[in-house]
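Colleague: Just so it is clear, I am handing over my_file-v2.cif, which has mmCIF, C-alpha atoms and all ligand atoms.
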```
data_entry
loop_
_atom_site.label_atom_id
_atom_site.label_comp_id
_atom_site.auth_asym_id
_atom_site.auth_seq_id
_atom_site.Cartn_x
_atom_site.Cartn_y
_atom_site.Cartn_z
CA MET A 1318 195.06 -5.09 188.36
CA VAL A 1319 198.03 -2.77 187.84
CA LYS A 1320 201.49 -3.96 188.71
CA ASP A 1321 204.62 -1.93 189.44
CA GLU A 1322 203.34 1.22 187.83
CA LYS A 1323 204.01 4.58 189.38
CA ILE A 1324 200.70 6.39 189.01
CA VAL A 1325 200.36 9.65 190.88
CA LEU A 1326 197.13 11.37 191.84
CA THR A 1327 196.79 14.56 193.77
CA GLY A 1328 194.39 17.46 193.98
CA ASP A 1329 192.97 20.54 195.62
CA ARG A 1330 189.55 21.59 196.77
CA PRO A 1331 188.60 24.72 194.79
CA THR A 1332 187.70 26.66 197.93
CA GLY A 1333 190.26 29.46 197.60
CA LYS A 1334 193.65 30.36 196.21
CA LEU A 1335 196.57 28.16 197.21
CA HIS A 1336 199.11 29.09 199.84
CA LEU A 1337 202.58 28.28 201.15
CA GLY A 1338 201.20 25.25 203.03
CA HIS A 1339 200.11 23.70 199.74
CA PHE A 1340 203.46 24.51 198.22
CA VAL A 1341 205.64 22.78 200.82
CA GLY A 1342 203.06 20.10 201.72
CA SER A 1343 202.19 18.84 198.28
CA ILE A 1344 202.88 21.00 195.20
CA GLN A 1345 206.68 20.63 195.33
CA ASN A 1346 206.26 16.86 195.26
CA ARG A 1347 203.65 17.04 192.51
CA VAL A 1348 206.02 18.97 190.29
CA LYS A 1349 208.90 16.60 191.01
CA LEU A 1350 206.90 13.39 190.64
CA GLN A 1351 205.45 14.31 187.26
CA ASN A 1352 208.93 13.72 185.83
CA GLU A 1353 209.32 10.30 187.42
CA ALA A 1354 205.84 8.81 187.22
CA ASP A 1355 204.41 6.54 184.54
CA LYS A 1356 201.26 8.62 184.77
CA SER A 1357 200.42 11.70 186.76
CA PHE A 1358 196.95 13.12 187.51
CA TYR A 1359 195.90 16.37 189.13
CA MET A 1360 192.26 16.67 190.14
CA ILE A 1361 190.28 19.77 191.01
CA ALA A 1362 187.95 18.39 193.68
CA ASP A 1363 184.84 20.49 193.08
CA ILE A 1364 182.42 17.80 194.27
CA GLN A 1365 184.41 17.47 197.48
CA ALA A 1366 184.46 21.26 197.86
CA LEU A 1367 180.65 21.23 197.65
CA THR A 1368 180.43 18.83 200.61
CA SER A 1369 181.13 21.81 202.87
CA ASN A 1370 180.00 24.61 200.52
CA ALA A 1371 176.64 23.36 199.24
CA ASP A 1372 175.17 26.85 199.61
CA ASN A 1373 177.96 28.57 197.69
CA PRO A 1374 178.43 27.00 194.26
CA LYS A 1375 179.78 30.28 192.85
CA LYS A 1376 182.75 30.17 195.22
CA VAL A 1377 183.59 26.63 194.12
CA ARG A 1378 183.13 27.42 190.43
CA ASP A 1379 185.25 30.59 190.57
CA ASN A 1380 188.09 28.84 192.36
CA VAL A 1381 188.45 26.08 189.77
CA LEU A 1382 190.43 28.48 187.60
CA GLU A 1383 192.35 29.87 190.57
CA VAL A 1384 193.72 26.52 191.78
CA ALA A 1385 194.57 25.52 188.21
CA LEU A 1386 196.51 28.78 187.81
CA ASP A 1387 198.35 28.25 191.10
CA ASN A 1388 199.50 24.78 190.09
CA LEU A 1389 200.54 25.79 186.59
CA ALA A 1390 202.44 28.77 187.98
CA CYS A 1391 204.34 26.42 190.30
CA GLY A 1392 205.42 24.26 187.39
CA LEU A 1393 202.76 21.59 186.94
CA ASP A 1394 203.04 20.74 183.26
CA PRO A 1395 199.89 19.66 181.42
CA LYS A 1396 202.05 17.69 179.00
CA LYS A 1397 203.18 15.52 181.90
CA THR A 1398 200.20 15.76 184.26
CA THR A 1399 196.58 15.15 183.33
CA MET A 1400 194.68 18.04 184.90
CA PHE A 1401 190.95 17.38 185.24
CA ILE A 1402 187.76 18.37 187.05
CA GLN A 1403 186.23 15.82 189.43
CA SER A 1404 182.54 16.51 188.68
CA GLU A 1405 183.09 15.79 184.98
CA ILE A 1406 183.89 12.15 185.79
CA PRO A 1407 180.61 10.57 186.96
CA GLU A 1408 182.40 7.23 187.21
CA ILE A 1409 184.01 8.55 190.41
CA ALA A 1410 180.54 8.99 191.89
CA GLU A 1411 179.60 5.49 190.74
CA LEU A 1412 182.67 4.02 192.39
CA THR A 1413 181.90 5.99 195.55
CA VAL A 1414 178.47 4.34 195.80
CA LEU A 1415 180.04 0.89 195.62
CA PHE A 1416 182.68 1.81 198.22
CA LEU A 1417 180.01 3.18 200.60
CA ASN A 1418 179.04 -0.42 201.35
CA LEU A 1419 182.55 -1.23 202.54
CA VAL A 1420 182.80 1.41 205.28
CA THR A 1421 180.85 1.76 208.52
CA LEU A 1422 179.53 4.98 209.95
CA ALA A 1423 181.57 4.38 213.13
CA ARG A 1424 184.78 4.10 211.08
CA LEU A 1425 184.06 7.37 209.29
CA LYS A 1426 183.45 9.16 212.57
CA ARG A 1427 186.77 7.83 213.87
CA ASN A 1428 188.75 9.18 210.90
CA PRO A 1429 191.03 11.82 212.54
CA THR A 1430 190.91 14.19 209.55
CA VAL A 1431 187.13 14.09 209.49
CA LYS A 1432 187.07 14.68 213.26
CA ASP A 1433 189.43 17.69 213.02
CA GLU A 1434 187.64 19.24 210.08
CA MET A 1435 184.22 18.72 211.70
CA LYS A 1436 185.52 20.56 214.73
CA ASP A 1437 187.00 23.39 212.61
CA LYS A 1438 183.70 23.76 210.81
CA GLY A 1439 181.62 23.48 213.99
CA TYR A 1440 179.34 20.76 212.60
CA GLY A 1441 178.67 18.43 215.55
CA GLU A 1442 175.91 15.94 214.72
CA ASP A 1443 174.56 18.30 212.05
CA VAL A 1444 177.27 17.33 209.62
CA PRO A 1445 176.18 17.04 205.97
CA ALA A 1446 176.17 13.34 205.01
CA GLY A 1447 178.26 14.18 201.96
CA PHE A 1448 180.92 15.75 204.14
CA LEU A 1449 181.05 12.84 206.56
CA MET A 1450 181.57 10.37 203.77
CA HIS A 1451 184.11 12.39 201.79
CA PRO A 1452 186.96 9.99 202.70
CA ILE A 1453 185.06 7.37 200.69
CA SER A 1454 184.75 9.59 197.67
CA GLN A 1455 188.42 10.43 198.11
CA ALA A 1456 189.20 6.71 197.87
CA ALA A 1457 187.25 6.67 194.60
CA ASP A 1458 189.25 9.69 193.34
CA ILE A 1459 192.45 7.84 194.06
CA LEU A 1460 191.42 4.46 192.73
CA PHE A 1461 189.48 5.29 189.57
CA CYS A 1462 192.81 5.91 187.86
CA LYS A 1463 194.53 3.06 189.76
CA SER A 1464 196.87 5.50 191.39
CA THR A 1465 199.64 4.17 193.63
CA ILE A 1466 201.20 7.36 195.00
CA VAL A 1467 199.42 10.33 196.52
CA PRO A 1468 201.50 13.42 197.42
CA VAL A 1469 199.64 15.09 200.27
CA GLY A 1470 200.06 17.12 203.42
CA GLU A 1471 200.15 15.30 206.74
CA ASP A 1472 196.49 16.09 207.44
CA GLN A 1473 195.55 13.73 204.63
CA LYS A 1474 197.38 10.63 205.90
CA PRO A 1475 194.27 9.10 207.54
CA MET A 1476 192.53 9.37 204.18
CA ILE A 1477 195.12 7.15 202.59
CA GLU A 1478 194.81 4.62 205.42
CA GLN A 1479 191.06 4.52 204.89
CA THR A 1480 191.59 4.10 201.14
CA ASN A 1481 193.80 1.08 201.75
CA GLU A 1482 191.16 -0.52 203.98
CA ILE A 1483 188.71 -0.08 201.11
CA VAL A 1484 191.23 -1.68 198.73
CA ASP A 1485 191.55 -4.69 201.06
CA ASP A 1486 187.81 -5.21 201.40
CA PHE A 1487 187.13 -4.66 197.72
CA ASN A 1488 189.80 -7.16 196.68
CA ARG A 1489 188.60 -9.70 199.27
CA PHE A 1490 184.94 -9.50 198.20
CA TYR A 1491 185.32 -9.07 194.46
CA GLY A 1492 188.79 -10.29 193.50
CA GLU A 1493 192.15 -8.53 193.11
CA THR A 1494 191.34 -5.23 191.44
CA PHE A 1495 193.17 -2.39 193.19
CA ASN A 1496 196.69 -1.94 194.53
CA HIS A 1497 197.60 -0.43 197.87
CA VAL A 1498 198.32 3.28 197.79
CA LYS A 1499 201.27 5.13 199.32
CA HIS A 1500 201.12 8.66 200.58
CA LEU A 1501 204.09 10.94 200.14
CA VAL A 1502 204.33 13.96 202.41
CA GLY A 1503 206.56 16.92 201.61
CA ASN A 1504 209.56 18.22 203.54
CA THR A 1505 207.17 20.22 205.66
CA PRO A 1506 204.26 17.88 206.28
CA ARG A 1507 202.18 20.57 208.01
CA LEU A 1508 202.92 24.28 207.76
CA VAL A 1509 201.56 26.33 210.67
CA GLY A 1510 199.37 29.35 209.97
CA ILE A 1511 200.68 32.92 210.30
CA ASP A 1512 198.68 33.11 213.55
CA GLY A 1513 200.68 30.21 214.93
CA SER A 1514 197.71 27.81 214.73
CA SER A 1515 198.47 24.24 213.80
CA LYS A 1516 197.70 24.41 210.07
CA MET A 1517 197.74 27.06 207.41
CA GLY A 1518 194.40 26.56 205.68
CA LYS A 1519 192.59 28.42 202.97
CA SER A 1520 189.35 28.32 204.96
CA LEU A 1521 191.11 29.43 208.16
CA ASN A 1522 192.11 33.01 207.27
CA ASN A 1523 195.73 32.51 208.31
CA ALA A 1524 197.52 32.02 205.00
CA ILE A 1525 200.15 33.62 202.79
CA TYR A 1526 199.02 32.96 199.24
CA LEU A 1527 201.20 32.07 196.29
CA SER A 1528 199.58 35.03 194.52
CA ASP A 1529 200.12 37.59 197.31
CA SER A 1530 201.76 40.90 196.37
CA TYR A 1531 204.93 42.15 198.06
CA GLU A 1532 202.73 44.51 200.12
CA GLU A 1533 200.44 41.69 201.24
CA ILE A 1534 203.37 39.48 202.19
CA SER A 1535 204.92 42.39 204.13
CA LYS A 1536 201.74 43.15 206.02
CA LYS A 1537 201.15 39.51 206.96
CA VAL A 1538 204.72 38.97 208.12
CA MET A 1539 204.68 42.20 210.11
CA ASP A 1540 201.51 40.98 211.90
CA MET A 1541 203.00 37.54 212.54
CA TYR A 1542 202.98 35.89 215.92
CA THR A 1543 206.46 35.93 217.53
CA ASP A 1544 207.12 35.85 221.27
CA PRO A 1545 204.57 37.93 223.20
CA ASN A 1546 207.12 38.51 226.01
CA HIS A 1547 209.77 39.88 223.65
CA ILE A 1548 208.85 43.52 224.03
CA HIS A 1549 212.15 45.41 223.93
CA VAL A 1550 215.02 44.71 221.56
CA GLU A 1551 217.31 43.85 224.47
CA ASP A 1552 214.82 41.30 225.95
CA ARG A 1553 215.62 37.63 225.64
CA GLY A 1554 213.36 36.08 223.02
CA LYS A 1555 211.86 32.62 222.50
CA VAL A 1556 212.51 30.82 219.24
CA GLU A 1557 210.26 27.84 219.87
CA GLY A 1558 206.72 28.50 218.71
CA ASN A 1559 207.88 31.75 217.14
CA VAL A 1560 206.29 31.66 213.70
CA VAL A 1561 208.90 33.93 212.09
CA PHE A 1562 211.66 31.50 213.01
CA THR A 1563 209.52 28.49 212.05
CA TYR A 1564 209.21 30.02 208.59
CA LEU A 1565 212.87 31.03 208.37
CA ASP A 1566 213.80 27.42 209.21
CA ILE A 1567 211.70 26.21 206.31
CA PHE A 1568 212.19 28.87 203.66
CA ASP A 1569 215.54 30.56 204.30
CA GLU A 1570 218.30 28.85 202.33
CA ASP A 1571 221.05 30.25 204.56
CA LYS A 1572 220.67 27.84 207.49
CA LYS A 1573 223.90 28.99 209.12
CA GLU A 1574 222.80 32.57 209.33
CA VAL A 1575 219.36 31.57 210.64
CA SER A 1576 221.07 29.60 213.39
CA GLU A 1577 223.17 32.67 214.29
CA LEU A 1578 220.05 34.85 214.37
CA LYS A 1579 218.33 32.39 216.67
CA LYS A 1580 221.21 32.49 219.11
CA GLN A 1581 221.20 36.28 219.07
CA TYR A 1582 217.43 36.41 219.54
CA GLU A 1583 217.59 34.09 222.54
CA LYS A 1584 220.41 36.09 224.12
CA GLY A 1585 218.62 39.41 223.61
CA GLY A 1586 219.53 42.31 221.34
CA LEU A 1587 217.71 41.30 218.17
CA GLY A 1588 214.44 43.00 217.36
CA ASP A 1589 211.37 41.39 215.77
CA VAL A 1590 211.45 43.90 212.93
CA VAL A 1591 214.88 42.70 211.77
CA ILE A 1592 213.87 39.05 211.53
CA LYS A 1593 210.53 39.96 209.99
CA LYS A 1594 212.19 42.07 207.29
CA ARG A 1595 214.47 39.17 206.51
CA LEU A 1596 211.50 36.78 206.22
CA ILE A 1597 209.67 39.20 203.90
CA GLU A 1598 212.61 39.13 201.47
CA VAL A 1599 212.94 35.34 201.71
CA LEU A 1600 209.25 34.82 200.93
CA GLU A 1601 209.23 37.44 198.18
CA LYS A 1602 212.12 35.64 196.49
CA LEU A 1603 210.08 32.41 196.49
CA ILE A 1604 206.70 33.89 195.58
CA LYS A 1605 207.67 36.56 193.02
CA PRO A 1606 208.35 34.21 190.09
CA ILE A 1607 205.21 32.20 190.87
CA ARG A 1608 203.09 35.35 191.11
CA GLU A 1609 204.48 36.74 187.86
CA LYS A 1610 203.96 33.51 185.94
CA ARG A 1611 200.46 33.28 187.39
CA GLU A 1612 199.59 36.81 186.27
CA LYS A 1613 200.69 35.99 182.74
CA LEU A 1614 198.70 32.76 182.64
CA ALA A 1615 195.63 34.53 184.05
CA GLU A 1616 195.52 36.77 180.98
CA ASN A 1617 194.14 33.85 179.00
CA PRO A 1618 191.58 31.93 181.09
CA LYS A 1619 190.20 30.20 177.97
CA ALA A 1620 193.55 28.49 177.43
CA ILE A 1621 193.48 27.20 181.02
CA MET A 1622 189.95 25.84 180.63
CA LYS A 1623 191.08 24.14 177.41
CA ILE A 1624 193.87 22.40 179.34
CA LEU A 1625 191.31 21.19 181.89
CA GLU A 1626 188.92 20.07 179.16
CA GLU A 1627 191.55 18.01 177.39
CA GLY A 1628 192.79 16.51 180.67
CA THR A 1629 189.22 15.66 181.64
CA MET A 1630 188.66 13.83 178.34
CA TYR A 1631 191.66 11.61 179.01
CA ALA A 1632 190.66 11.00 182.65
CA LYS A 1633 187.18 9.99 181.43
CA LYS A 1634 188.68 7.37 179.15
CA ILE A 1635 190.65 5.88 182.05
CA ALA A 1636 187.59 5.99 184.31
CA LYS A 1637 185.49 4.09 181.76
CA GLU A 1638 188.11 1.34 181.55
CA THR A 1639 188.28 0.98 185.34
CA MET A 1640 184.50 0.87 185.69
CA LEU A 1641 184.20 -1.92 183.10
CA GLU A 1642 186.58 -3.96 185.24
CA VAL A 1643 184.86 -2.97 188.50
CA ARG A 1644 181.35 -3.74 187.23
CA LYS A 1645 182.52 -7.14 186.07
CA ALA A 1646 184.18 -7.81 189.45
CA VAL A 1647 181.04 -6.78 191.37
CA LYS A 1648 178.90 -8.85 188.95
CA ILE A 1649 176.78 -5.92 187.82
CA ASP A 1650 177.80 -6.20 184.17
CA TYR A 1651 174.47 -7.30 182.70
CA PHE A 1652 174.28 -6.41 179.02
P1 LIG B 1 190.28 23.70 203.03
O1 LIG B 1 190.41 24.55 204.24
O2 LIG B 1 189.22 24.12 202.05
O3 LIG B 1 190.24 22.22 203.35
P2 LIG B 1 193.13 23.48 202.60
O4 LIG B 1 193.95 24.71 202.79
O5 LIG B 1 193.15 22.43 203.65
O6 LIG B 1 191.65 23.96 202.26
P3 LIG B 1 193.08 21.45 200.54
O7 LIG B 1 192.61 21.77 199.15
O8 LIG B 1 192.14 20.74 201.47
O9 LIG B 1 193.55 22.83 201.23
O10 LIG B 1 194.45 20.66 200.51
C1 LIG B 1 195.19 20.39 199.31
C2 LIG B 1 196.49 19.70 199.65
O11 LIG B 1 197.40 20.58 200.33
C3 LIG B 1 196.35 18.49 200.60
O12 LIG B 1 197.24 17.49 200.19
C4 LIG B 1 196.72 19.04 201.95
O13 LIG B 1 197.22 18.04 202.79
C5 LIG B 1 197.82 20.03 201.56
N1 LIG B 1 197.89 21.11 202.57
C6 LIG B 1 196.95 22.04 202.83
N2 LIG B 1 197.33 22.85 203.83
C7 LIG B 1 198.57 22.44 204.22
C8 LIG B 1 199.51 22.88 205.22
N3 LIG B 1 199.25 23.91 206.01
N4 LIG B 1 200.70 22.22 205.32
C9 LIG B 1 200.98 21.17 204.52
N5 LIG B 1 200.14 20.70 203.55
C10 LIG B 1 198.94 21.32 203.41
MG MG B 2 191.75 20.65 203.52
#
```
Please rewrite the model in this file as structure tokens.
Modeller:
Amino acid sequence: MVKDEKIVLTGDRPTGKLHLGHFVGSIQNRVKLQNEADKSFYMIADIQALTSNADNPKKVRDNVLEVALDNLACGLDPKKTTMFIQSEIPEIAELTVLFLNLVTLARLKRNPTVKDEMKDKGYGEDVPAGFLMHPISQAADILFCKSTIVPVGEDQKPMIEQTNEIVDDFNRFYGETFNHVKHLVGNTPRLVGIDGSSKMGKSLNNAIYLSDSYEEISKKVMDMYTDPNHIHVEDRGKVEGNVVFTYLDIFDEDKKEVSELKKQYEKGGLGDVVIKKRLIEVLEKLIKPIREKREKLAENPKAIMKILEEGTMYAKKIAKETMLEVRKAVKIDYF
């Protein structure tokens, strides 16, 4: 049982490059917390990615490097954060099997994140069993390293609740072993997509990526959803639900000027192109240093894989220790 230790775990599914939603939802907190935590772990969730990409292992494999690059470019420091690959830690799978007995099928189907994602993916009853039970494997990801804090976007909150239910049952059946886990959402718990849909997602084709060029950013912002009734410059415009203003509110440091622009837009006399051009510059200022650092790091993929290999070795050691304790608690420590 761990006491009073600040152990952070977070991760990404290697299903595509990372975007602004990841940045404000989780990465900013990851980078900050690595300086405060007793231990900090970053996991590339390739096994979880396969739960909805079983037919496309190449996509998952190729994106392992991409998500590692994105995080390093944003300031994750391998000296402070153990970066590892989920599939290399079979103990997580072992722990998942034990946790499976603590969760009912009905509870899994009620998990709001699972429900939303099943809808997005159009699964219905034909959901892969691995996908349906991924909250359980996520609990194992979190608990194998006895983590206590998980920086995540708002969509992941129900996962943490489910993890804590597993902690309660495990401790009740087998003795105090795991601590409760806290989630920590970023300043923007859920960034909307450039199409105005509720979440920017890498599988949803509505993202601005941390690796996007100036031209890509410009094109995406120019195509952004604003107010469909704001046709002429002199028309009164709507700020609410206007993605350009949503983004300016989040990313533009000059809050006073944004507030002035909003007033002007609502009164009429401010064109979409003006606010879009402003947003392009604001986003370029944020993304440029990340993109440039990423390009530099990408020149040496072997060095990145070495970081992941070393991190994985350390995570393995921790996993072995936890499983010794878990096996003893569950009374399956025979020899
Ligand atoms: P996928 O569509 O494959 O699920 P994703 O874009 O949802 O991809 P994940 O790898 O599932 O990305 O999420 C990684 C982390 O980033 C999670 O903590 C998640 O909550 C957070 N996150 C993802 N998208 C957003 C968003 N739009 N706003 C805030 N946080 C987000
Ligand atoms: Mg997701």
Colleague: Identify, counting all atoms listed in the file, the protein, DNA and RNA residues located within 6 Å of ligand LIG 1 (chain B), and give them as a PyMOL selection string.
Modeller: chain A and resi 1329-1330+1332+1338-1339+1342-1343+1469-1473+1506-1509+1516-1520
Colleague: I'd like the contact shell of Ile1592 in chain A - 10 Å cut-off, all atoms listed in the file, skipping same-chain residues fewer than 5 positions apart - returned as a ChimeraX atom specification.
Modeller: /A:1538-1539,1561-1562,1565,1575,1578-1579,1582,1587,1597
Colleague: Write out as a list in words each polymer residue whose atoms come within 12 Å of Ile1649 in chain A, counting all atoms listed in the file; drop sequence neighbours fewer than 6 positions from it.
Modeller: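 Residues meeting the cut-off are Leu1415, Tyr1491, Met1640, Leu1641, Glu1642 and Val1643 of chain A.
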Colleague: Figure out the distance between CA of Asn1380 in chain A and CA of Asp1363 in chain A, please, to one decimal in Å.
Modeller: 9.0 Å
Colleague: Could you state the separation of CA of Leu1460 in chain A and CA of Phe1495 in chain A in Å, given to one decimal place?
Modeller: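 Separating CA of Leu1460 in chain A from CA of Phe1495 in chain A is a distance of 7.1 Å.
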Colleague: Please provide as a list in words all residues within 8 Å of Lys1584 in chain A, with the sequence filter that same-chain residues fewer than 6 positions apart are discarded (counting all atoms listed in the file).
Modeller: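 Here the qualifying residues turn out to be Asp1552, Arg1553 and Gly1554 of chain A.
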Colleague: Please identify all polymer residues within 9 Å of Lys1376 in chain A, counting only C-alpha atoms, omitting same-chain residues fewer than 3 positions from it, and present them as a PyMOL selection string.
Modeller: chain A and resi 1331-1333+1370+1373+1379-1381
Colleague: Leu1412 in chain A: which residues within 12 Å, counting only C-alpha atoms, same-chain residues fewer than 3 positions away excluded, as a PyMOL selection string?
Modeller: chain A and resi 1406-1409+1415-1419+1453-1462+1483+1487+1636-1637+1639-1644+1647
Colleague: Pick out the closest residue to ligand MG 2 (chain B) from this set: A:Asp1571, A:Glu1434, A:Asp1355, A:Glu1493. Count all atoms listed in the file.
Modeller: A:Glu1434
Colleague: Could you work out how far CA of Leu1614 in chain A lies from CA of Thr1398 in chain A, giving the answer in Å with one decimal?
Modeller: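 Atom-to-atom, CA of Thr1398 in chain A and CA of Leu1614 in chain A are spaced 17.1 Å apart.
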